[in-house]
Structure formats: C-alpha cells, structure tokens
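Enquirer: So I've got this file, entry01.pdb, and it contains PDB, C-alpha atoms, pLDDT in the B column:
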```pdb
ATOM      1  CA  ASN X  44       0.000   0.000   0.000  1.00 54.00           C
ATOM      2  CA  VAL X  45       1.548   3.295  -1.143  1.00 55.00           C
ATOM      3  CA  SER X  46      -0.038   5.448   1.536  1.00 61.00           C
ATOM      4  CA  GLN X  47       1.190   3.068   4.258  1.00 63.00           C
ATOM      5  CA  ASP X  48       4.764   3.259   2.850  1.00 60.00           C
ATOM      6  CA  MET X  49       4.539   7.058   2.760  1.00 49.00           C
ATOM      7  CA  LYS X  50       3.368   7.147   6.386  1.00 47.00           C
ATOM      8  CA  ILE X  51       6.282   4.953   7.469  1.00 45.00           C
ATOM      9  CA  LYS X  52       8.794   7.099   5.546  1.00 45.00           C
ATOM     10  CA  LEU X  53       7.298  10.268   7.021  1.00 44.00           C
ATOM     11  CA  LEU X  54       7.519   8.779  10.519  1.00 39.00           C
ATOM     12  CA  ILE X  55      11.174   7.824   9.994  1.00 39.00           C
ATOM     13  CA  VAL X  56      12.050  11.306   8.701  1.00 36.00           C
ATOM     14  CA  THR X  57      10.192  12.902  11.626  1.00 34.00           C
ATOM     15  CA  LEU X  58      12.082  10.720  14.123  1.00 34.00           C
ATOM     16  CA  PHE X  59      15.436  11.660  12.557  1.00 36.00           C
ATOM     17  CA  VAL X  60      14.572  15.370  12.695  1.00 34.00           C
ATOM     18  CA  PHE X  61      13.430  15.075  16.323  1.00 35.00           C
ATOM     19  CA  ALA X  62      16.566  13.111  17.259  1.00 34.00           C
ATOM     20  CA  GLY X  63      18.684  15.787  15.557  1.00 36.00           C
ATOM     21  CA  LEU X  64      16.999  18.475  17.606  1.00 34.00           C
ATOM     22  CA  LEU X  65      17.595  16.547  20.830  1.00 36.00           C
ATOM     23  CA  LEU X  66      21.246  15.971  19.989  1.00 39.00           C
ATOM     24  CA  SER X  67      21.881  19.417  18.577  1.00 48.00           C
ATOM     25  CA  SER X  68      24.174  21.830  20.294  1.00 56.00           C
ATOM     26  CA  CYS X  69      22.965  24.138  23.005  1.00 85.00           C
ATOM     27  CA  LEU X  70      25.874  26.547  22.489  1.00 88.00           C
ATOM     28  CA  THR X  71      24.748  30.139  22.067  1.00 90.00           C
ATOM     29  CA  CYS X  72      25.347  33.700  23.248  1.00 92.00           C
ATOM     30  CA  GLU X  73      23.192  36.527  24.514  1.00 94.00           C
ATOM     31  CA  LYS X  74      24.053  39.018  21.798  1.00 96.00           C
ATOM     32  CA  LYS X  75      26.496  39.919  19.050  1.00 96.00           C
ATOM     33  CA  GLU X  76      28.035  43.255  18.226  1.00 97.00           C
ATOM     34  CA  TYR X  77      29.231  43.976  14.689  1.00 97.00           C
ATOM     35  CA  ILE X  78      31.691  46.845  14.170  1.00 98.00           C
ATOM     36  CA  PHE X  79      32.576  47.706  10.568  1.00 98.00           C
ATOM     37  CA  GLU X  80      35.547  50.108  10.368  1.00 98.00           C
ATOM     38  CA  LEU X  81      35.793  51.411   6.821  1.00 97.00           C
ATOM     39  CA  SER X  82      39.210  52.297   5.432  1.00 97.00           C
ATOM     40  CA  GLY X  83      37.976  52.883   1.888  1.00 93.00           C
ATOM     41  CA  PRO X  84      34.708  52.862  -0.090  1.00 90.00           C
ATOM     42  CA  GLU X  85      34.742  49.037  -0.281  1.00 94.00           C
ATOM     43  CA  SER X  86      37.349  47.942   2.278  1.00 97.00           C
ATOM     44  CA  GLY X  87      37.955  47.805   5.989  1.00 98.00           C
ATOM     45  CA  LYS X  88      37.849  45.640   9.072  1.00 98.00           C
ATOM     46  CA  LEU X  89      34.922  43.820  10.678  1.00 98.00           C
ATOM     47  CA  THR X  90      34.991  42.913  14.364  1.00 98.00           C
ATOM     48  CA  ILE X  91      32.287  40.629  15.747  1.00 97.00           C
ATOM     49  CA  ARG X  92      31.901  40.372  19.523  1.00 97.00           C
ATOM     50  CA  PHE X  93      30.005  37.438  21.013  1.00 96.00           C
ATOM     51  CA  ILE X  94      28.714  38.633  24.373  1.00 96.00           C
ATOM     52  CA  ASN X  95      27.899  36.183  27.202  1.00 95.00           C
ATOM     53  CA  ILE X  96      28.601  32.792  25.623  1.00 94.00           C
ATOM     54  CA  PHE X  97      26.637  30.062  27.385  1.00 92.00           C
ATOM     55  CA  SER X  98      25.128  26.599  27.157  1.00 90.00           C
ATOM     56  CA  ASN X  99      21.449  25.757  27.454  1.00 82.00           C
ATOM     57  CA  SER X 100      22.547  22.395  28.887  1.00 68.00           C
ATOM     58  CA  LEU X 101      21.787  22.523  32.578  1.00 60.00           C
ATOM     59  CA  ASP X 102      21.286  18.728  32.469  1.00 58.00           C
ATOM     60  CA  SER X 103      24.887  17.599  32.867  1.00 64.00           C
ATOM     61  CA  ALA X 104      28.467  18.747  33.074  1.00 66.00           C
ATOM     62  CA  GLY X 105      29.192  16.489  30.086  1.00 75.00           C
ATOM     63  CA  GLU X 106      26.814  18.471  27.870  1.00 84.00           C
ATOM     64  CA  VAL X 107      28.340  21.761  29.013  1.00 85.00           C
ATOM     65  CA  GLN X 108      31.826  20.392  28.252  1.00 86.00           C
ATOM     66  CA  SER X 109      30.550  19.231  24.845  1.00 89.00           C
ATOM     67  CA  ASP X 110      29.307  22.750  24.077  1.00 90.00           C
ATOM     68  CA  TYR X 111      32.645  24.174  25.199  1.00 90.00           C
ATOM     69  CA  ASP X 112      34.460  21.695  22.928  1.00 92.00           C
ATOM     70  CA  GLU X 113      32.242  22.818  20.037  1.00 92.00           C
ATOM     71  CA  LEU X 114      33.094  26.445  20.801  1.00 90.00           C
ATOM     72  CA  MET X 115      36.799  25.694  20.709  1.00 90.00           C
ATOM     73  CA  ASN X 116      36.897  23.180  17.844  1.00 90.00           C
ATOM     74  CA  MET X 117      34.347  24.616  15.439  1.00 88.00           C
ATOM     75  CA  TRP X 118      34.486  28.348  16.110  1.00 86.00           C
ATOM     76  CA  PHE X 119      37.930  29.264  17.390  1.00 85.00           C
ATOM     77  CA  ALA X 120      40.255  26.485  16.212  1.00 88.00           C
ATOM     78  CA  GLY X 121      37.936  25.515  13.358  1.00 89.00           C
ATOM     79  CA  GLU X 122      36.789  27.420  10.307  1.00 90.00           C
ATOM     80  CA  LYS X 123      33.105  28.154  10.982  1.00 90.00           C
ATOM     81  CA  ILE X 124      33.618  31.916  10.723  1.00 92.00           C
ATOM     82  CA  GLU X 125      35.822  31.557   7.641  1.00 94.00           C
ATOM     83  CA  ARG X 126      33.016  29.595   5.957  1.00 93.00           C
ATOM     84  CA  ASP X 127      30.474  32.273   6.976  1.00 93.00           C
ATOM     85  CA  TYR X 128      32.692  34.985   5.434  1.00 95.00           C
ATOM     86  CA  PRO X 129      34.611  33.184   2.644  1.00 95.00           C
ATOM     87  CA  MET X 130      35.783  36.375   0.875  1.00 96.00           C
ATOM     88  CA  ALA X 131      37.266  37.991   4.006  1.00 96.00           C
ATOM     89  CA  ARG X 132      40.869  37.458   5.107  1.00 96.00           C
ATOM     90  CA  LYS X 133      43.300  37.822   8.036  1.00 96.00           C
ATOM     91  CA  PHE X 134      41.015  36.369  10.704  1.00 96.00           C
ATOM     92  CA  ARG X 135      41.943  36.904  14.356  1.00 96.00           C
ATOM     93  CA  LYS X 136      40.082  35.207  17.213  1.00 96.00           C
ATOM     94  CA  ARG X 137      40.144  35.425  20.974  1.00 95.00           C
ATOM     95  CA  LEU X 138      38.100  34.535  24.041  1.00 95.00           C
ATOM     96  CA  TYR X 139      38.083  36.791  27.090  1.00 96.00           C
ATOM     97  CA  GLU X 140      36.228  37.567  30.295  1.00 95.00           C
ATOM     98  CA  ALA X 141      34.179  40.755  30.598  1.00 96.00           C
ATOM     99  CA  ASN X 142      31.664  41.670  33.312  1.00 94.00           C
ATOM    100  CA  GLY X 143      31.752  38.134  34.699  1.00 94.00           C
ATOM    101  CA  GLN X 144      30.853  36.620  31.323  1.00 95.00           C
ATOM    102  CA  LEU X 145      32.715  34.655  28.658  1.00 95.00           C
ATOM    103  CA  CYS X 146      32.961  36.689  25.472  1.00 97.00           C
ATOM    104  CA  GLY X 147      34.558  36.099  22.111  1.00 96.00           C
ATOM    105  CA  GLU X 148      35.919  38.414  19.467  1.00 97.00           C
ATOM    106  CA  ILE X 149      36.662  37.725  15.833  1.00 96.00           C
ATOM    107  CA  SER X 150      38.091  40.290  13.451  1.00 97.00           C
ATOM    108  CA  MET X 151      38.687  40.088   9.721  1.00 98.00           C
ATOM    109  CA  GLU X 152      39.692  42.347   6.877  1.00 98.00           C
ATOM    110  CA  PHE X 153      37.669  42.802   3.711  1.00 98.00           C
ATOM    111  CA  SER X 154      38.242  44.363   0.294  1.00 97.00           C
ATOM    112  CA  THR X 155      34.626  44.351  -0.914  1.00 97.00           C
ATOM    113  CA  LEU X 156      31.466  45.225   0.989  1.00 97.00           C
ATOM    114  CA  LYS X 157      29.765  42.001  -0.077  1.00 96.00           C
ATOM    115  CA  SER X 158      32.561  40.085   1.694  1.00 96.00           C
ATOM    116  CA  VAL X 159      30.916  41.078   4.989  1.00 97.00           C
ATOM    117  CA  ARG X 160      27.278  41.234   3.797  1.00 96.00           C
ATOM    118  CA  LEU X 161      27.170  45.001   3.392  1.00 97.00           C
ATOM    119  CA  TYR X 162      25.689  46.683   0.317  1.00 97.00           C
ATOM    120  CA  ARG X 163      25.886  50.102  -1.277  1.00 95.00           C
ATOM    121  CA  TYR X 164      24.258  51.005  -4.602  1.00 94.00           C
ATOM    122  CA  ASP X 165      26.780  53.749  -5.451  1.00 93.00           C
ATOM    123  CA  LEU X 166      29.199  56.148  -3.682  1.00 90.00           C
ATOM    124  CA  GLY X 167      26.389  58.549  -2.742  1.00 92.00           C
ATOM    125  CA  SER X 168      24.151  55.842  -1.317  1.00 95.00           C
ATOM    126  CA  PRO X 169      23.981  54.723   2.302  1.00 97.00           C
ATOM    127  CA  TYR X 170      25.714  51.580   3.506  1.00 97.00           C
ATOM    128  CA  MET X 171      23.143  48.843   4.157  1.00 97.00           C
ATOM    129  CA  ILE X 172      22.847  45.427   5.755  1.00 97.00           C
ATOM    130  CA  ASN X 173      19.825  43.119   5.758  1.00 95.00           C
ATOM    131  CA  THR X 174      19.445  41.813   9.311  1.00 93.00           C
ATOM    132  CA  THR X 175      17.598  38.689   8.139  1.00 89.00           C
ATOM    133  CA  THR X 176      20.781  37.403   6.475  1.00 85.00           C
ATOM    134  CA  MET X 177      22.980  37.372   9.572  1.00 84.00           C
ATOM    135  CA  PRO X 178      25.105  34.210   9.970  1.00 77.00           C
ATOM    136  CA  ASP X 179      23.406  32.859  13.117  1.00 74.00           C
ATOM    137  CA  ASP X 180      19.774  31.800  13.140  1.00 70.00           C
ATOM    138  CA  GLY X 181      17.612  33.794  15.451  1.00 82.00           C
ATOM    139  CA  GLU X 182      19.575  37.049  15.431  1.00 91.00           C
ATOM    140  CA  VAL X 183      17.208  39.940  16.104  1.00 93.00           C
ATOM    141  CA  PHE X 184      18.023  43.634  15.667  1.00 95.00           C
ATOM    142  CA  GLN X 185      18.655  45.395  18.980  1.00 96.00           C
ATOM    143  CA  SER X 186      20.445  48.655  18.196  1.00 96.00           C
ATOM    144  CA  SER X 187      22.690  50.462  15.731  1.00 97.00           C
ATOM    145  CA  ASN X 188      24.313  53.811  15.043  1.00 98.00           C
ATOM    146  CA  GLY X 189      22.368  53.755  11.752  1.00 97.00           C
ATOM    147  CA  GLU X 190      18.663  53.777  10.929  1.00 97.00           C
ATOM    148  CA  PHE X 191      16.705  50.506  11.119  1.00 97.00           C
ATOM    149  CA  GLY X 192      13.876  50.080   8.614  1.00 95.00           C
ATOM    150  CA  GLY X 193      11.761  47.978  10.979  1.00 93.00           C
ATOM    151  CA  ASP X 194      10.016  44.643  10.593  1.00 90.00           C
ATOM    152  CA  PHE X 195       8.770  45.330   7.067  1.00 92.00           C
ATOM    153  CA  MET X 196      12.178  46.588   5.898  1.00 94.00           C
ATOM    154  CA  PRO X 197      14.700  44.716   8.114  1.00 95.00           C
ATOM    155  CA  VAL X 198      17.633  46.718   6.789  1.00 97.00           C
ATOM    156  CA  VAL X 199      20.009  49.018   8.660  1.00 98.00           C
ATOM    157  CA  PHE X 200      21.046  52.122   6.708  1.00 98.00           C
ATOM    158  CA  TRP X 201      24.161  54.192   7.512  1.00 98.00           C
ATOM    159  CA  ARG X 202      24.977  57.581   5.976  1.00 96.00           C
ATOM    160  CA  PRO X 203      27.660  57.495   3.254  1.00 95.00           C
ATOM    161  CA  GLU X 204      30.032  59.621   5.355  1.00 95.00           C
ATOM    162  CA  ASN X 205      30.007  57.176   8.287  1.00 95.00           C
ATOM    163  CA  LYS X 206      33.323  55.363   8.733  1.00 96.00           C
ATOM    164  CA  THR X 207      32.311  53.179  11.702  1.00 98.00           C
ATOM    165  CA  LEU X 208      29.113  51.178  11.368  1.00 98.00           C
ATOM    166  CA  ARG X 209      27.770  49.461  14.500  1.00 98.00           C
ATOM    167  CA  LEU X 210      25.041  46.860  14.833  1.00 97.00           C
ATOM    168  CA  VAL X 211      23.954  44.836  17.884  1.00 97.00           C
ATOM    169  CA  THR X 212      21.726  41.774  17.584  1.00 96.00           C
ATOM    170  CA  THR X 213      20.216  39.608  20.303  1.00 94.00           C
ATOM    171  CA  ILE X 214      20.264  35.832  20.024  1.00 93.00           C
ATOM    172  CA  ALA X 215      19.193  34.187  23.293  1.00 90.00           C
ATOM    173  CA  LYS X 216      18.129  35.432  26.700  1.00 88.00           C
ATOM    174  CA  PRO X 217      19.858  33.478  29.471  1.00 84.00           C
ATOM    175  CA  ASP X 218      17.643  32.048  32.190  1.00 84.00           C
ATOM    176  CA  THR X 219      17.978  29.572  35.070  1.00 81.00           C
ATOM    177  CA  SER X 220      18.385  26.652  32.629  1.00 80.00           C
ATOM    178  CA  CYS X 221      21.541  28.195  31.146  1.00 85.00           C
ATOM    179  CA  VAL X 222      25.153  27.675  32.202  1.00 88.00           C
ATOM    180  CA  SER X 223      27.835  30.248  31.463  1.00 89.00           C
ATOM    181  CA  LEU X 224      30.899  28.748  29.802  1.00 92.00           C
ATOM    182  CA  LEU X 225      33.154  31.109  31.779  1.00 92.00           C
ATOM    183  CA  ASP X 226      34.082  28.562  34.483  1.00 90.00           C
ATOM    184  CA  THR X 227      34.760  25.860  31.869  1.00 89.00           C
ATOM    185  CA  TRP X 228      36.957  28.284  29.917  1.00 92.00           C
ATOM    186  CA  ARG X 229      38.829  29.291  33.089  1.00 91.00           C
ATOM    187  CA  ALA X 230      39.426  25.638  34.024  1.00 89.00           C
ATOM    188  CA  ASN X 231      40.634  24.734  30.523  1.00 86.00           C
ATOM    189  CA  THR X 232      42.831  27.841  30.335  1.00 84.00           C
ATOM    190  CA  LYS X 233      44.566  26.881  33.610  1.00 78.00           C
ATOM    191  CA  LYS X 234      45.384  23.413  32.181  1.00 73.00           C
ATOM    192  CA  ARG X 235      47.474  24.921  29.376  1.00 63.00           C
TER     193      ARG X 235
END
```
In structure tokens, how does this file's structure come out?

Expert:
Amino acid sequence: NVSQDMKIKLLIVTLFVFAGLLLSSCLTCEKKEYIFELSGPESGKLTIRFINIFSNSLDSAGEVQSDYDELMNMWFAGEKIERDYPMARKFRKRLYEANGQLCGEISMEFSTLKSVRLYRYDLGSPYMINTTTMPDDGEVFQSSNGEFGGDFMPVVFWRPENKTLRLVTTIAKPDTSCVSLLDTWRANTKKR
C-alpha cells in the first residue's frame, strides 16, 4: 500500500529530525556586536563580539563540556567563521572575560562590501545590511548607530560619510536553565 509506505517514511524522517533536535548543540550567546571600520569605499575591518557565551545544557556537566568543545573546535580552532565569510581574510580570534561573562571576538579584513554582507548602490548611497541574512539563526536587531527600517524593511542604513558602522543583535536570553561557559573556559585555560 503506497499510503502506508509514505506514512512509514514520514515517521522515519520525523524521528530523525526530532533526534537531531535533541542531539543538537545548546551553544549560544546573549548578543552579538558587529563593528565595521571602513578604510575605503569598499574595504575595511569587521569585528564581531560574542557577548555572554553560554550553554542551554543545565542537564549535565558532560553536555556543558561538549558545548565548550564545540566552541573551541568549530568556532575558534575551526573554520566556521571563515566559511560564513569566505571572501574575508586575516582572521583573528580570541576569548576573554568581561563583566563576569565569557565573550569572544573575531576580526577580519575585507576588500569588498559584499565580503561582509554590506551593500551600497553607489558612492552617494547609504551603507546597508539586511538583518535577516545574519550568519546565526535567530539574530534579532537590537540597536545600531544607523537607521533601522523595521520589521517590514529589516535593513540598517548608515549615511555614506560614516566610517564606523555598529550593529547589535540579540540571540538568546539566558535564564535559570543556562550555564555560562566562563568557568569551563577558566578551568581549561589553567590546564594549558
């Protein structure tokens, strides 16, 4: 029976998706700050700050350690950021403590605006970024030194004369089920 086979296949696919969600990482951060420092009409430096890096894994120390390992292996020792920005170059990465939270900072240089997801129609036009195309799912506009077009036009516009463009997005709000990765980072840093 074809419909019975389809139901079984749909059930199997649903189970795999559900299992993937259960096994997926709980690594996240509270917010991200993007700072574009323009050195020319198309070039400059982008610094991304990850503020308050934490795990949603209150269940076990093993899950928290797994999220920390993902942070180190995929983001800082790995090439996740390089894949998100394949046309940028000279990446620099660091983790640090600020205000009792674990934070991360990644900087890169770019020679075209599209390398860092910026857009500008011509030299007299504003710089623009579409906030719905940010690298991490769930990023929501929080603030900027430009003008935000709102929900119907989720684009930040900066005047052409601006040389420093700032954007802050929120990702996840920590609650009692969250564990800061600061202590894990401190413990692993002492081992080195």

Enquirer: Could you tell me which of X:Ser186, X:Ser223, X:Thr71, X:Asn95 comes closest to Leu210 of chain X if we count all atoms listed in the file?

Expert: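 Of X:Ser186, X:Ser223, X:Thr71, X:Asn95, the one nearest Leu210 of chain X, counting all atoms listed in the file, is X:Ser186.
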
Enquirer: Quick one: residues within 10 Å of Phe191 of chain X, only C-alpha atoms counted, chain neighbours fewer than 6 positions away excluded, as a ChimeraX atom specification?

Expert: /X:171-174,184-185,197-201,210

Enquirer: Within 9 Å of Glu182 of chain X, counting all atoms listed in the file, which residues show up once you throw out same-chain ones fewer than 3 positions away? Write them as a PDB file with C-alpha atoms, in the frame of the given file, please.

Expert:
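File written: out-v2.pdb
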```
ATOM      1  CA  LYS X  74      24.053  39.018  21.798  1.00 96.00           C
ATOM      2  CA  LYS X  75      26.496  39.919  19.050  1.00 96.00           C
ATOM      3  CA  THR X 174      19.445  41.813   9.311  1.00 93.00           C
ATOM      4  CA  THR X 175      17.598  38.689   8.139  1.00 89.00           C
ATOM      5  CA  MET X 177      22.980  37.372   9.572  1.00 84.00           C
ATOM      6  CA  PRO X 178      25.105  34.210   9.970  1.00 77.00           C
ATOM      7  CA  ASP X 179      23.406  32.859  13.117  1.00 74.00           C
ATOM      8  CA  THR X 212      21.726  41.774  17.584  1.00 96.00           C
ATOM      9  CA  THR X 213      20.216  39.608  20.303  1.00 94.00           C
ATOM     10  CA  ILE X 214      20.264  35.832  20.024  1.00 93.00           C
ATOM     11  CA  ALA X 215      19.193  34.187  23.293  1.00 90.00           C
TER      12      ALA X 215
END
```

Enquirer: Starting from the displayed file, determine the output of the PyMOL selection byres ((chain X and resi 128) around 9) and express the residue list as a PDB file with C-alpha atoms, keeping the file's coordinate frame.

Expert:
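Saved as expr.pdb:
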```
ATOM      1  CA  LYS X 123      33.105  28.154  10.982  1.00 90.00           C
ATOM      2  CA  ILE X 124      33.618  31.916  10.723  1.00 92.00           C
ATOM      3  CA  GLU X 125      35.822  31.557   7.641  1.00 94.00           C
ATOM      4  CA  ARG X 126      33.016  29.595   5.957  1.00 93.00           C
ATOM      5  CA  ASP X 127      30.474  32.273   6.976  1.00 93.00           C
ATOM      6  CA  PRO X 129      34.611  33.184   2.644  1.00 95.00           C
ATOM      7  CA  MET X 130      35.783  36.375   0.875  1.00 96.00           C
ATOM      8  CA  ALA X 131      37.266  37.991   4.006  1.00 96.00           C
ATOM      9  CA  ARG X 132      40.869  37.458   5.107  1.00 96.00           C
ATOM     10  CA  MET X 151      38.687  40.088   9.721  1.00 98.00           C
ATOM     11  CA  SER X 158      32.561  40.085   1.694  1.00 96.00           C
ATOM     12  CA  VAL X 159      30.916  41.078   4.989  1.00 97.00           C
ATOM     13  CA  ARG X 160      27.278  41.234   3.797  1.00 96.00           C
ATOM     14  CA  PRO X 178      25.105  34.210   9.970  1.00 77.00           C
TER      15      PRO X 178
END
```

Enquirer: Write out as JSON, numbers by chain the residues lying within 9 Å of segment 228-231 of chain X, counting all atoms listed in the file and excluding same-chain residues fewer than 6 positions away.

Expert: {"X": [111, 138, 145]}

Enquirer: So which one's closest to Phe134 of chain X, X:Leu114, X:Gly192, X:Asn205, X:Leu89? Using only C-alpha atoms, please.

Expert: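 Checking each candidate against Phe134 of chain X, we get X:Leu89 as the closest.
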